[in-house]
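Novice: One structure follows; several queries about it will come next.
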Amino acid sequence: MASMKDIERFARHLDAGPIDLLSPRPELDASPTFCFANVAQKVSRDGGRAVTGWMFQVRRVEALNAEYLIAIHHAIWNAPDGTTVDVTPFHAD
């Protein structure tokens, strides 16, 4: 399994900012893979602002007994109280 150090090293290649772990709290009306629209809807409804960055995922290829990291441009919600929340549910894949 990829370590936090692996992710940090990868993030430096993207010039990503600080890395933080967020627990997802998807909105009931949010759709997987539509993070920008989900966050815009949340901001419109509850205030706050969108924060963009990268989401890192570990993918496993069973046939090769190997794994790799991918980075996906992603948006999260910064609530008026300053907390950050990932309002987008994970895709089944």
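Residues are referred to by chain and number: the chain letter is A, B, ... according to the order shown in the structure tokens, the number counts from 1 in that chain, and ligands are numbered separately from 1 in the order shown.
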Pick out the residues sitting within 12 Å of A:Gly82, and hand them over as a list in words; count only C-alpha atoms, and ignore anything fewer than 4 positions along from it in its own chain.

Specialist: Gly47, Gly48, Arg49, Ala50, Val51, Trp77 and Asn78 of chain A

Novice: At a cut-off of 10 Å, using only C-alpha atoms, what residues contact stretch 35-42 of chain A? Leave out same-chain residues fewer than 4 positions from it and give the result as a list in words.

Specialist: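 Surrounding residues, per the criterion: Pro26, Glu27, Asp29, Ala30, Ser31, Asp46, Gly47, Gly48, Arg49, Ala50, Val51, Thr52, His73, His74, Ala75, Ile76, Trp77, Asn78, Ala79, Val85, Asp86, Val87, Thr88, Pro89 and Phe90 of chain A.
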
Novice: Write down as a list in words the residues of stretch 4-78 of chain A whose backbone DSSP state falls under alpha helix (DSSP H).

Specialist: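 Put together, the selection reads Met4, Lys5, Asp6, Ile7, Glu8, Arg9, Phe10, Ala11, Arg12, His13, Cys35, Phe36, Ala37, Asn38, Val39, Ala40, Gln41, Lys42, Val43, Ser44, Arg45 and Asp46 of chain A.
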
Novice: Write the residues of the preceding selection, restricted to C-alpha atoms, as a PDB file, in the first residue's frame.

Specialist:
ATOM      1  CA  MET A   4       1.905   9.031   3.031  1.00  0.00           C
ATOM      2  CA  LYS A   5       5.514   9.668   1.990  1.00  0.00           C
ATOM      3  CA  ASP A   6       4.747   8.254  -1.473  1.00  0.00           C
ATOM      4  CA  ILE A   7       1.772  10.583  -1.777  1.00  0.00           C
ATOM      5  CA  GLU A   8       3.781  13.594  -0.554  1.00  0.00           C
ATOM      6  CA  ARG A   9       6.543  12.859  -3.077  1.00  0.00           C
ATOM      7  CA  PHE A  10       3.972  12.609  -5.894  1.00  0.00           C
ATOM      8  CA  ALA A  11       2.247  15.812  -4.734  1.00  0.00           C
ATOM      9  CA  ARG A  12       5.512  17.760  -4.982  1.00  0.00           C
ATOM     10  CA  HIS A  13       5.626  16.950  -8.719  1.00  0.00           C
ATOM     11  CA  CYS A  35     -17.230  17.624  -7.311  1.00  0.00           C
ATOM     12  CA  PHE A  36     -17.151  21.129  -8.826  1.00  0.00           C
ATOM     13  CA  ALA A  37     -20.937  21.211  -9.337  1.00  0.00           C
ATOM     14  CA  ASN A  38     -21.543  19.613  -5.928  1.00  0.00           C
ATOM     15  CA  VAL A  39     -19.432  22.217  -4.171  1.00  0.00           C
ATOM     16  CA  ALA A  40     -20.973  25.108  -6.138  1.00  0.00           C
ATOM     17  CA  GLN A  41     -24.418  23.879  -5.085  1.00  0.00           C
ATOM     18  CA  LYS A  42     -23.308  23.609  -1.441  1.00  0.00           C
ATOM     19  CA  VAL A  43     -21.820  27.128  -1.499  1.00  0.00           C
ATOM     20  CA  SER A  44     -25.035  28.495  -3.021  1.00  0.00           C
ATOM     21  CA  ARG A  45     -27.129  26.781  -0.358  1.00  0.00           C
ATOM     22  CA  ASP A  46     -24.974  27.205   2.775  1.00  0.00           C
TER      23      ASP A  46
END

Novice: Out of chain A, which residues get strand (DSSP E) from DSSP, as number ranges by chain?

Specialist: A: 49-61, 66-78, 84-85

Novice: Could you state the separation of atom CA of A:Pro24 and atom CA of A:Ile72 in Å, given to one decimal place?

Specialist: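 Separating atom CA of A:Pro24 from atom CA of A:Ile72 is a distance of 15.5 Å.
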
Novice: Can you measure atom CA of A:Leu21 to atom CA of A:Asp81 for me? One decimal in Å is fine.

Specialist: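 Rounded to one decimal, the two atoms are 18.3 Å apart.
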
Novice: Rank A:Gln57, A:Thr84, A:Ala92, A:Ala63 by their smallest atom-to-atom distance to A:Asp20, using only C-alpha atoms, and report the top residue only.

Specialist: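 Once distances to A:Asp20 are computed over only C-alpha atoms, the minimum belongs to A:Thr84.
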
Novice: Between A:Thr83, A:Pro18, A:Trp54, A:Thr33, which residue has the minimum interatomic distance to A:Leu69, considering only C-alpha atoms?

Specialist: A:Trp54

Novice: Could you tell me how far atom CA of A:Ala71 lies from atom CA of A:His91, in Å and to one decimal?

Specialist: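 Calculated distance between atom CA of A:Ala71 and atom CA of A:His91 is 14.8 Å.
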
Novice: Skip A:Val58 itself and residues of its chain fewer than 5 positions away, then list as a ChimeraX atom specification all residues within 9 Å of it, counting only C-alpha atoms.

Specialist: /A:1-2,67-70
